[in-house]
Amino acid sequence: MATQALRSIQRLSQVTIRLDAGVRTLNPILRCASTLSKARIVTGPNNEKIIMPSAGEASYPETLIHEFVWNNSKNYPNYIALECGISGKKYTFAQAKDATSYIGRSLRNMGLKKGDVVALAAPNFPDTVLGLLGSLSGGLVVTTVNPINTSEEMQRQLLKVNAKAVITSTAIASTVLAATRACLPRDTPFIVIDDKIGPMPEDSIPFDALITRGKSLQPVNPNINCDDLAVLPFSSGTTGLPKGVMLTHRNLVSNIMMVQASLNPDPFYPTTSTFQEVIPAVLPFFHIYGMNCVVLPRLAFGAKIVTIPKFEPEMFLNVLETSKATVLFCVPPIVLFLNTSPLVKVQHFERLRMMMSGAAPLSKTDVDRFYEKYNIDPEVFKFHQGYGLTESSPAAFFELGKKYSSIGKNIASCPARLVDITSQEDISIPGQTGELWIKGPHVMKGYLNDEEATKNTITDDGWLKTGDVAYFDEDFDFYITDRLKELIKVKGFQVAPAELEALLRMHPDVEEAAVIGIPHERYGEVPKAFVIVSKGKKPKEDDIKNFVKGKVSDYKQLEGGVTFVDTIPKNPSGKILRSKLKQNGKS
C-alpha cells in the first residue's frame, strides 16, 4: 500500500540474504522468458500454453523456515510477537526466538532424532506457534493435527506419520492422550501446554518445562537443508481420504517471498518505532492458510500475532476491538458472520484497514454487502482475496482489491495453465473454463508414502493439478468456479455450486446457502439448495426457486428443490462439506 512498506520488505530480504548461505532467484522455466514483459501466454516445450506471472520472478533466501521467521527480529526485540487474545500471555520477539531454540534442544535431549515427526495437536495459542518453530529448530518435522478431530481420526494420522512425540494442550489433552496411548509406544513423550482450561494429565511433560530445561542444554546443530521436510499437514487433495502433504523448508520460505514479490503496492505497513501491525489469528494454525499465510510470514515481517483458540462470536469481536487489530485474515463464513450478526458494530473495525479472504470463493455481492452495511469507503478499507492449496504451501494467486470475486493473478514464480477437462488440451482463450495447473518452488514434494496419489496430482514435469475449475478474463485475472469433483452435470452442462450459492445469498431472507447435485432420471443431475434463513424470516421453497429463475440459465434452476437447515457443514478452513450434504440430499 505504501512505498515505505515495500522498501522495508526489501531491506528485510537484504538482511536475510546477508545472514544466510545465499539467495536463490527462481530461474524461468522457458527459454523465451526474456520476452515475458511483452507476452503473458508463452508456449512450452510440449506445446503447453503457459500463463506467466505478471510479477515476474521472486528471490528467496537459502534458509530454514524457523531461521527466516526470526532473521529480522533483532530490529524489534522488545516488541510483542505473540499474545493470547484470551489470557493475555505474551512473548516478545527476543523471548519467542530464544524459547524456540530451547524447545528444540529439549526435544532432541529426549532422544528425538533428525527427521523424527512431532504431532502438534492444539488450538491457537502462542505456545502452539512456539511448539511448531521449536520442533523445526531441533531438526524435526511437524505434522499439524486438527484439534477437534476424534481420537480415532487422530490415531490414523499419528500412525501414518509414525509420530515420535506429541504436543497438545490441556483443553483437549484427554482426547489426544487416548489417541496416543492407543497407537504409539508407551514412552512416547506427551507434552502439554497449560491453557488453564483443563487439568494436566498424569505423566505428561509441561510445555513450559521444555523452555526451562532447554536453557541449560547445548545448542542443536540440526544438520538439515532447505530441501528437507519441515511440515506434514494433511489434505484430501483433489480426491480421496486425507493424505500427508510433504512440505519442505524451501517450499515454505519461497512461498512467503513469492507472495511478497507480488504485493504491489504492498498492503502491509513495516514495523517502526511508532507502529506495528496487529493480526488477530482466528484461522487454525494446523491448516496451511493459518500457518504459512498468516502466522509465519507476518511474524517474519514484525507483526504482533494475537491468538484466538476458536471462533466464538463474542470472543472474536472482543479481540478485534481490544487488540486494535489492523489486518484481518478470514474465510468467507467469517465475512458472512460480519454481514449478518447483530453483535457486529462498526467500532469493531475502528483500526482495521483491510481483510484478506481465502480457502473458499468469496463473491462480490458479499463484499458489497459489507461495505453497504457499515458505510465503509472501499478506498479506505480494502478487501483482498487469495487462492492456494496445502500442496502449494499454500498461496498461488492474489487479488489486490479491484475484482472482489476474482482470485487475481498468479503470484511471482508461479506459472499457470488451464487444461480442458475433457480433451486435456490447454486453454488460451479468456472465459473458457478448465482445470487449473500450477508450478513453482512452493509445490510439495508429494504425498507421504502414497506414490500413486502423488503421480495423479503432480505431472512428470512438475505441474500440480489443483482439482479446481477456473477461467481467466482479458486482464489475466482468474476466477474459480468450483472443485472439479463438485461440478454438477445437468444434461451435459456444467453447473458450479459456488455461482448459485452467491446468487442465493442475495435473497433478502437468506443468510447462507449451499448447493449440491442430486441424481435425476432425465438430466443426470440437478441442483439442490440447502438454505439457512435470516432471523425472523420465513420464506417458502417456491420463493427461493422463483428468485433464482430468470437470473441463471434453465439448466441451473433448483430442480432438486430447497431444504431449509439450521447449519451447513464446513471444514475448519470454511469449505462446504458437500459430501455430508449429499447424504441428506438423495431424495
# chains A, B, ... in the order shown; residues from 1 in each chain; ligands from 1

$ residues_around --residues "Lys528 in chain A" --least-positions-apart "4" --cutoff "9 Å" --atoms "only C-alpha atoms" --output "list in words"
Ala514, Val515, Ile516, Gly517, Ile518, Gln557, Leu558, Glu559, Gly560, Gly561, Val562, Thr563 and Gly585 of chain A

$ write_last_selection --atoms "C-alpha atoms" --output "compact mmCIF listing (two decimals), in the first residue's frame"
# COMPACT_ATOMS: atom_id res chain seq x y z
CA ALA A 514 -25.01 -24.45 -0.11
CA VAL A 515 -25.74 -26.23 -3.38
CA ILE A 516 -25.10 -29.82 -4.44
CA GLY A 517 -26.06 -32.03 -7.36
CA ILE A 518 -28.52 -34.87 -6.82
CA GLN A 557 -32.58 -23.94 -11.89
CA LEU A 558 -33.09 -25.57 -8.49
CA GLU A 559 -34.92 -28.58 -9.86
CA GLY A 560 -33.63 -30.64 -6.93
CA GLY A 561 -35.57 -28.48 -4.51
CA VAL A 562 -34.76 -26.36 -1.47
CA THR A 563 -34.21 -27.66 2.06
CA GLY A 585 -29.96 -34.77 -0.41

$ residues_around --residues "Ile103 in chain A" --least-positions-apart "4" --cutoff "6 Å" --atoms "only C-alpha atoms" --output "list in words"
Gly134, Leu210 and Ile211 of chain A

$ closest_residue --among "A:Pro430, A:Pro206, A:Pro572, A:Pro189" --to "Ile51 in chain A" --atoms "only C-alpha atoms"
A:Pro430

$ residues_around --residues "Thr322 in chain A" --least-positions-apart "5" --cutoff "9 Å" --atoms "only C-alpha atoms" --output "count of residues only"
3

$ closest_residue --among "A:Thr150, A:Ser59, A:Ser135, A:Ser235" --to "Lys164 in chain A" --atoms "only C-alpha atoms"
A:Ser135

$ select_by_dssp --residues "range 353-565 of chain A" --states "strand (DSSP E)" --output "VMD selection string"
chain A and resid 354 to 357 382 to 388 395 to 399 409 to 410 416 to 419 434 to 438 446 to 447 464 to 472 478 to 483 488 to 490 493 to 495 510 to 520 524 to 533 562 to 564

$ closest_residue --among "A:Pro265, A:Pro233, A:Pro361, A:Pro342" --to "Gly446 in chain A" --atoms "only C-alpha atoms"
A:Pro233

$ residues_around --residues "Asp468 in chain A" --least-positions-apart "5" --cutoff "7 Å" --atoms "only C-alpha atoms" --output "number ranges by chain"
A: 435-436, 480, 482-484

$ write_last_selection --atoms "all heavy atoms" --output "PDB file, in the first residue's frame"
ATOM      1  N   GLU A 435      -9.330 -27.137 -15.836  1.00  0.00           N
ATOM      2  CA  GLU A 435      -8.677 -27.401 -14.556  1.00  0.00           C
ATOM      3  C   GLU A 435      -7.423 -26.554 -14.445  1.00  0.00           C
ATOM      4  O   GLU A 435      -6.642 -26.430 -15.390  1.00  0.00           O
ATOM      5  CB  GLU A 435      -8.308 -28.873 -14.405  1.00  0.00           C
ATOM      6  CG  GLU A 435      -7.722 -29.184 -13.025  1.00  0.00           C
ATOM      7  CD  GLU A 435      -7.296 -30.626 -12.827  1.00  0.00           C
ATOM      8  OE1 GLU A 435      -7.297 -31.389 -13.818  1.00  0.00           O
ATOM      9  OE2 GLU A 435      -6.947 -30.989 -11.687  1.00  0.00           O
ATOM     10  N   LEU A 436      -7.230 -25.956 -13.287  1.00  0.00           N
ATOM     11  CA  LEU A 436      -6.087 -25.081 -13.041  1.00  0.00           C
ATOM     12  C   LEU A 436      -4.872 -25.915 -12.640  1.00  0.00           C
ATOM     13  O   LEU A 436      -4.944 -26.725 -11.709  1.00  0.00           O
ATOM     14  CB  LEU A 436      -6.449 -24.090 -11.935  1.00  0.00           C
ATOM     15  CG  LEU A 436      -5.393 -23.060 -11.540  1.00  0.00           C
ATOM     16  CD1 LEU A 436      -5.023 -22.161 -12.715  1.00  0.00           C
ATOM     17  CD2 LEU A 436      -5.904 -22.214 -10.376  1.00  0.00           C
ATOM     18  N   ILE A 480     -12.257 -18.828  -9.797  1.00  0.00           N
ATOM     19  CA  ILE A 480     -12.535 -20.229  -9.503  1.00  0.00           C
ATOM     20  C   ILE A 480     -14.039 -20.438  -9.609  1.00  0.00           C
ATOM     21  O   ILE A 480     -14.819 -19.708  -8.982  1.00  0.00           O
ATOM     22  CB  ILE A 480     -12.053 -20.620  -8.092  1.00  0.00           C
ATOM     23  CG1 ILE A 480     -10.533 -20.438  -7.985  1.00  0.00           C
ATOM     24  CG2 ILE A 480     -12.440 -22.057  -7.768  1.00  0.00           C
ATOM     25  CD1 ILE A 480      -9.709 -21.350  -8.857  1.00  0.00           C
ATOM     26  N   ASP A 482     -15.421 -23.819  -9.350  1.00  0.00           N
ATOM     27  CA  ASP A 482     -15.702 -24.834  -8.339  1.00  0.00           C
ATOM     28  C   ASP A 482     -14.651 -25.920  -8.356  1.00  0.00           C
ATOM     29  O   ASP A 482     -13.741 -25.917  -9.177  1.00  0.00           O
ATOM     30  CB  ASP A 482     -17.084 -25.463  -8.528  1.00  0.00           C
ATOM     31  CG  ASP A 482     -17.843 -25.521  -7.203  1.00  0.00           C
ATOM     32  OD1 ASP A 482     -17.299 -26.054  -6.230  1.00  0.00           O
ATOM     33  OD2 ASP A 482     -18.962 -24.997  -7.146  1.00  0.00           O
ATOM     34  N   ARG A 483     -14.808 -26.858  -7.424  1.00  0.00           N
ATOM     35  CA  ARG A 483     -13.959 -28.032  -7.400  1.00  0.00           C
ATOM     36  C   ARG A 483     -14.362 -28.943  -8.559  1.00  0.00           C
ATOM     37  O   ARG A 483     -15.538 -29.087  -8.875  1.00  0.00           O
ATOM     38  CB  ARG A 483     -14.125 -28.813  -6.092  1.00  0.00           C
ATOM     39  CG  ARG A 483     -13.660 -28.090  -4.856  1.00  0.00           C
ATOM     40  CD  ARG A 483     -12.172 -27.962  -4.799  1.00  0.00           C
ATOM     41  NE  ARG A 483     -11.511 -29.242  -4.553  1.00  0.00           N
ATOM     42  CZ  ARG A 483     -10.212 -29.442  -4.710  1.00  0.00           C
ATOM     43  NH1 ARG A 483      -9.462 -28.477  -5.156  1.00  0.00           N
ATOM     44  NH2 ARG A 483      -9.676 -30.607  -4.447  1.00  0.00           N
ATOM     45  N   LEU A 484     -13.369 -29.564  -9.174  1.00  0.00           N
ATOM     46  CA  LEU A 484     -13.616 -30.454 -10.296  1.00  0.00           C
ATOM     47  C   LEU A 484     -14.612 -31.543  -9.925  1.00  0.00           C
ATOM     48  O   LEU A 484     -15.540 -31.836 -10.660  1.00  0.00           O
ATOM     49  CB  LEU A 484     -12.285 -31.079 -10.735  1.00  0.00           C
ATOM     50  CG  LEU A 484     -12.294 -31.922 -12.005  1.00  0.00           C
ATOM     51  CD1 LEU A 484     -12.737 -31.094 -13.191  1.00  0.00           C
ATOM     52  CD2 LEU A 484     -10.905 -32.486 -12.260  1.00  0.00           C
TER      53      LEU A 484
END

$ residues_around --residues "Val380 in chain A" --least-positions-apart "6" --cutoff "10 Å" --atoms "only C-alpha atoms" --output "VMD selection string"
chain A and resid 352 to 354

$ atom_distance --atom1 "CA of Phe547 in chain A" --atom2 "CA of Ala529 in chain A"
12.5 Å

$ atom_distance --atom1 "CA of Lys439 in chain A" --atom2 "CA of Val419 in chain A"
13.6 Å

$ closest_atom_pairs --of "range 170-255 of chain A" --to "range 383-396 of chain A" --cutoff "7 Å" --atoms "only C-alpha atoms" --output "JSON lines"
{"residue": "A:Ser235", "atom": "CA", "partner": "A:Thr390", "partner_atom": "CA", "distance": 6.6}
{"residue": "A:Val245", "atom": "CA", "partner": "A:Glu391", "partner_atom": "CA", "distance": 6.3}
{"residue": "A:Leu247", "atom": "CA", "partner": "A:Ser393", "partner_atom": "CA", "distance": 6.9}
{"residue": "A:Asn251", "atom": "CA", "partner": "A:Ser393", "partner_atom": "CA", "distance": 6.2}
{"residue": "A:Leu252", "atom": "CA", "partner": "A:Ser393", "partner_atom": "CA", "distance": 5.8}
{"residue": "A:Asn255", "atom": "CA", "partner": "A:Ser393", "partner_atom": "CA", "distance": 6.4}

$ write_last_selection --atoms "N, CA and C atoms" --output "mmCIF file, in the first residue's frame"
data_model
loop_
_atom_site.group_PDB
_atom_site.id
_atom_site.type_symbol
_atom_site.label_atom_id
_atom_site.label_comp_id
_atom_site.auth_asym_id
_atom_site.auth_seq_id
_atom_site.Cartn_x
_atom_site.Cartn_y
_atom_site.Cartn_z
ATOM 1 N N SER A 235 -4.214 -33.213 3.876
ATOM 2 C CA SER A 235 -5.168 -32.688 2.904
ATOM 3 C C SER A 235 -5.787 -33.854 2.164
ATOM 4 N N VAL A 245 0.866 -34.160 3.389
ATOM 5 C CA VAL A 245 1.470 -33.324 2.345
ATOM 6 C C VAL A 245 2.891 -32.972 2.778
ATOM 7 N N LEU A 247 5.870 -30.904 2.836
ATOM 8 C CA LEU A 247 6.330 -29.552 2.529
ATOM 9 C C LEU A 247 7.712 -29.336 3.134
ATOM 10 N N ASN A 251 9.914 -24.958 0.307
ATOM 11 C CA ASN A 251 8.528 -24.695 -0.074
ATOM 12 C C ASN A 251 7.953 -23.520 0.703
ATOM 13 N N LEU A 252 8.115 -23.544 2.035
ATOM 14 C CA LEU A 252 7.507 -22.526 2.892
ATOM 15 C C LEU A 252 8.153 -21.161 2.713
ATOM 16 N N ASN A 255 7.465 -19.627 -0.789
ATOM 17 C CA ASN A 255 6.102 -19.162 -0.967
ATOM 18 C C ASN A 255 5.853 -17.822 -0.291
#

$ residues_around --residues "Pro332 in chain A" --least-positions-apart "5" --cutoff "7 Å" --atoms "only C-alpha atoms" --output "PDB file with N, CA and C atoms, in the first residue's frame"
ATOM      1  N   SER A 357      -9.269 -12.643   2.418  1.00  0.00           N
ATOM      2  CA  SER A 357     -10.074 -13.858   2.463  1.00  0.00           C
ATOM      3  C   SER A 357      -9.451 -14.920   1.580  1.00  0.00           C
ATOM      4  N   ALA A 360     -11.908 -20.492   0.316  1.00  0.00           N
ATOM      5  CA  ALA A 360     -13.140 -20.786  -0.414  1.00  0.00           C
ATOM      6  C   ALA A 360     -13.529 -19.510  -1.165  1.00  0.00           C
ATOM      7  N   LEU A 362     -15.118 -16.170  -2.426  1.00  0.00           N
ATOM      8  CA  LEU A 362     -15.856 -15.048  -1.843  1.00  0.00           C
ATOM      9  C   LEU A 362     -16.491 -14.277  -2.994  1.00  0.00           C
ATOM     10  N   GLY A 574     -13.364 -23.419   6.128  1.00  0.00           N
ATOM     11  CA  GLY A 574     -14.541 -22.755   5.569  1.00  0.00           C
ATOM     12  C   GLY A 574     -15.118 -23.400   4.329  1.00  0.00           C
TER      13      GLY A 574
END

$ residues_around --residues "range 136-140 of chain A" --least-positions-apart "6" --cutoff "10 Å" --atoms "only C-alpha atoms" --output "ChimeraX atom specification"
/A:64-67,100-109,112-118,130,164,219-225,228-231,249

$ write_last_selection --atoms "N, CA and C atoms" --output "tab-separated table (two decimals), in the first residue's frame"
chain	number	residue	atom	x	y	z
A	64	LEU	N	16.35	-21.93	6.44
A	64	LEU	CA	15.31	-22.76	7.02
A	64	LEU	C	14.17	-21.87	7.52
A	65	ILE	N	12.96	-22.38	7.53
A	65	ILE	CA	11.81	-21.54	7.82
A	65	ILE	C	11.87	-20.91	9.21
A	66	HIS	N	12.35	-21.63	10.22
A	66	HIS	CA	12.40	-21.03	11.57
A	66	HIS	C	13.47	-19.95	11.64
A	67	GLU	N	14.57	-20.11	10.89
A	67	GLU	CA	15.59	-19.05	10.84
A	67	GLU	C	15.04	-17.83	10.11
A	100	THR	N	12.05	-20.88	21.19
A	100	THR	CA	12.03	-21.92	20.16
A	100	THR	C	13.35	-22.68	20.13
A	101	SER	N	14.44	-21.97	20.37
A	101	SER	CA	15.74	-22.65	20.43
A	101	SER	C	15.79	-23.62	21.60
A	102	TYR	N	15.29	-23.18	22.76
A	102	TYR	CA	15.30	-24.05	23.95
A	102	TYR	C	14.41	-25.28	23.74
A	103	ILE	N	13.27	-25.08	23.09
A	103	ILE	CA	12.35	-26.20	22.84
A	103	ILE	C	13.02	-27.25	21.96
A	104	GLY	N	13.69	-26.79	20.91
A	104	GLY	CA	14.40	-27.71	20.02
A	104	GLY	C	15.45	-28.51	20.76
A	105	ARG	N	16.20	-27.85	21.64
A	105	ARG	CA	17.23	-28.55	22.43
A	105	ARG	C	16.60	-29.62	23.32
A	106	SER	N	15.50	-29.26	24.00
A	106	SER	CA	14.86	-30.20	24.92
A	106	SER	C	14.32	-31.42	24.19
A	107	LEU	N	13.71	-31.20	23.04
A	107	LEU	CA	13.15	-32.32	22.29
A	107	LEU	C	14.26	-33.28	21.84
A	108	ARG	N	15.36	-32.73	21.37
A	108	ARG	CA	16.46	-33.59	20.97
A	108	ARG	C	17.07	-34.31	22.18
A	109	ASN	N	17.08	-33.62	23.32
A	109	ASN	CA	17.63	-34.22	24.55
A	109	ASN	C	16.78	-35.39	25.04
A	112	LEU	N	14.80	-37.64	20.59
A	112	LEU	CA	14.31	-37.48	19.23
A	112	LEU	C	15.48	-37.20	18.29
A	113	LYS	N	15.39	-37.72	17.08
A	113	LYS	CA	16.48	-37.60	16.11
A	113	LYS	C	16.05	-36.76	14.93
A	114	LYS	N	17.03	-36.29	14.18
A	114	LYS	CA	16.77	-35.51	12.96
A	114	LYS	C	15.74	-36.24	12.09
A	115	GLY	N	14.72	-35.48	11.68
A	115	GLY	CA	13.70	-36.04	10.80
A	115	GLY	C	12.56	-36.74	11.49
A	116	ASP	N	12.64	-36.94	12.83
A	116	ASP	CA	11.52	-37.53	13.55
A	116	ASP	C	10.32	-36.58	13.50
A	117	VAL	N	9.12	-37.18	13.54
A	117	VAL	CA	7.90	-36.38	13.41
A	117	VAL	C	7.29	-36.09	14.78
A	118	VAL	N	7.01	-34.81	15.02
A	118	VAL	CA	6.30	-34.37	16.23
A	118	VAL	C	4.87	-34.02	15.81
A	130	LEU	N	5.14	-21.57	19.14
A	130	LEU	CA	6.48	-21.89	19.64
A	130	LEU	C	6.77	-23.38	19.50
A	164	LYS	N	6.76	-39.49	16.79
A	164	LYS	CA	7.69	-39.86	17.87
A	164	LYS	C	7.46	-39.03	19.13
A	219	PRO	N	23.25	-25.80	22.36
A	219	PRO	CA	22.51	-25.56	21.12
A	219	PRO	C	22.58	-26.78	20.19
A	220	VAL	N	21.53	-26.94	19.40
A	220	VAL	CA	21.43	-28.07	18.48
A	220	VAL	C	21.95	-27.67	17.11
A	221	ASN	N	22.74	-28.53	16.53
A	221	ASN	CA	23.10	-28.37	15.11
A	221	ASN	C	22.27	-29.39	14.34
A	222	PRO	N	21.12	-28.97	13.80
A	222	PRO	CA	20.19	-29.95	13.22
A	222	PRO	C	20.71	-30.63	11.95
A	223	ASN	N	21.68	-29.99	11.28
A	223	ASN	CA	22.28	-30.59	10.09
A	223	ASN	C	21.21	-30.92	9.04
A	224	ILE	N	20.34	-29.97	8.78
A	224	ILE	CA	19.32	-30.14	7.75
A	224	ILE	C	19.48	-29.06	6.70
A	225	ASN	N	18.86	-29.26	5.55
A	225	ASN	CA	18.94	-28.25	4.49
A	225	ASN	C	17.55	-27.86	4.01
A	228	ASP	N	14.91	-30.46	3.01
A	228	ASP	CA	14.41	-31.42	3.99
A	228	ASP	C	12.97	-31.07	4.36
A	229	LEU	N	12.22	-32.09	4.78
A	229	LEU	CA	10.84	-31.86	5.19
A	229	LEU	C	10.78	-30.94	6.40
A	230	ALA	N	9.78	-30.07	6.40
A	230	ALA	CA	9.53	-29.20	7.54
A	230	ALA	C	8.21	-29.56	8.21
A	231	VAL	N	7.14	-29.59	7.41
A	231	VAL	CA	5.82	-29.84	7.98
A	231	VAL	C	5.07	-30.88	7.15
A	249	HIS	N	11.35	-26.92	3.87
A	249	HIS	CA	11.70	-25.55	4.28
A	249	HIS	C	11.69	-24.64	3.05

$ atom_distance --atom1 "CA of Ile148 in chain A" --atom2 "CA of Val129 in chain A"
17.6 Å

$ select_by_dssp --residues "range 303-510 of chain A" --states "alpha helix (DSSP H)" --output "ChimeraX atom specification"
/A:313-322,332-340,364-374,451-457,497-504

$ closest_residue --among "A:Phe329, A:Phe472, A:Pro53, A:Pro280" --to "Ala359 in chain A" --atoms "only C-alpha atoms"
A:Phe329
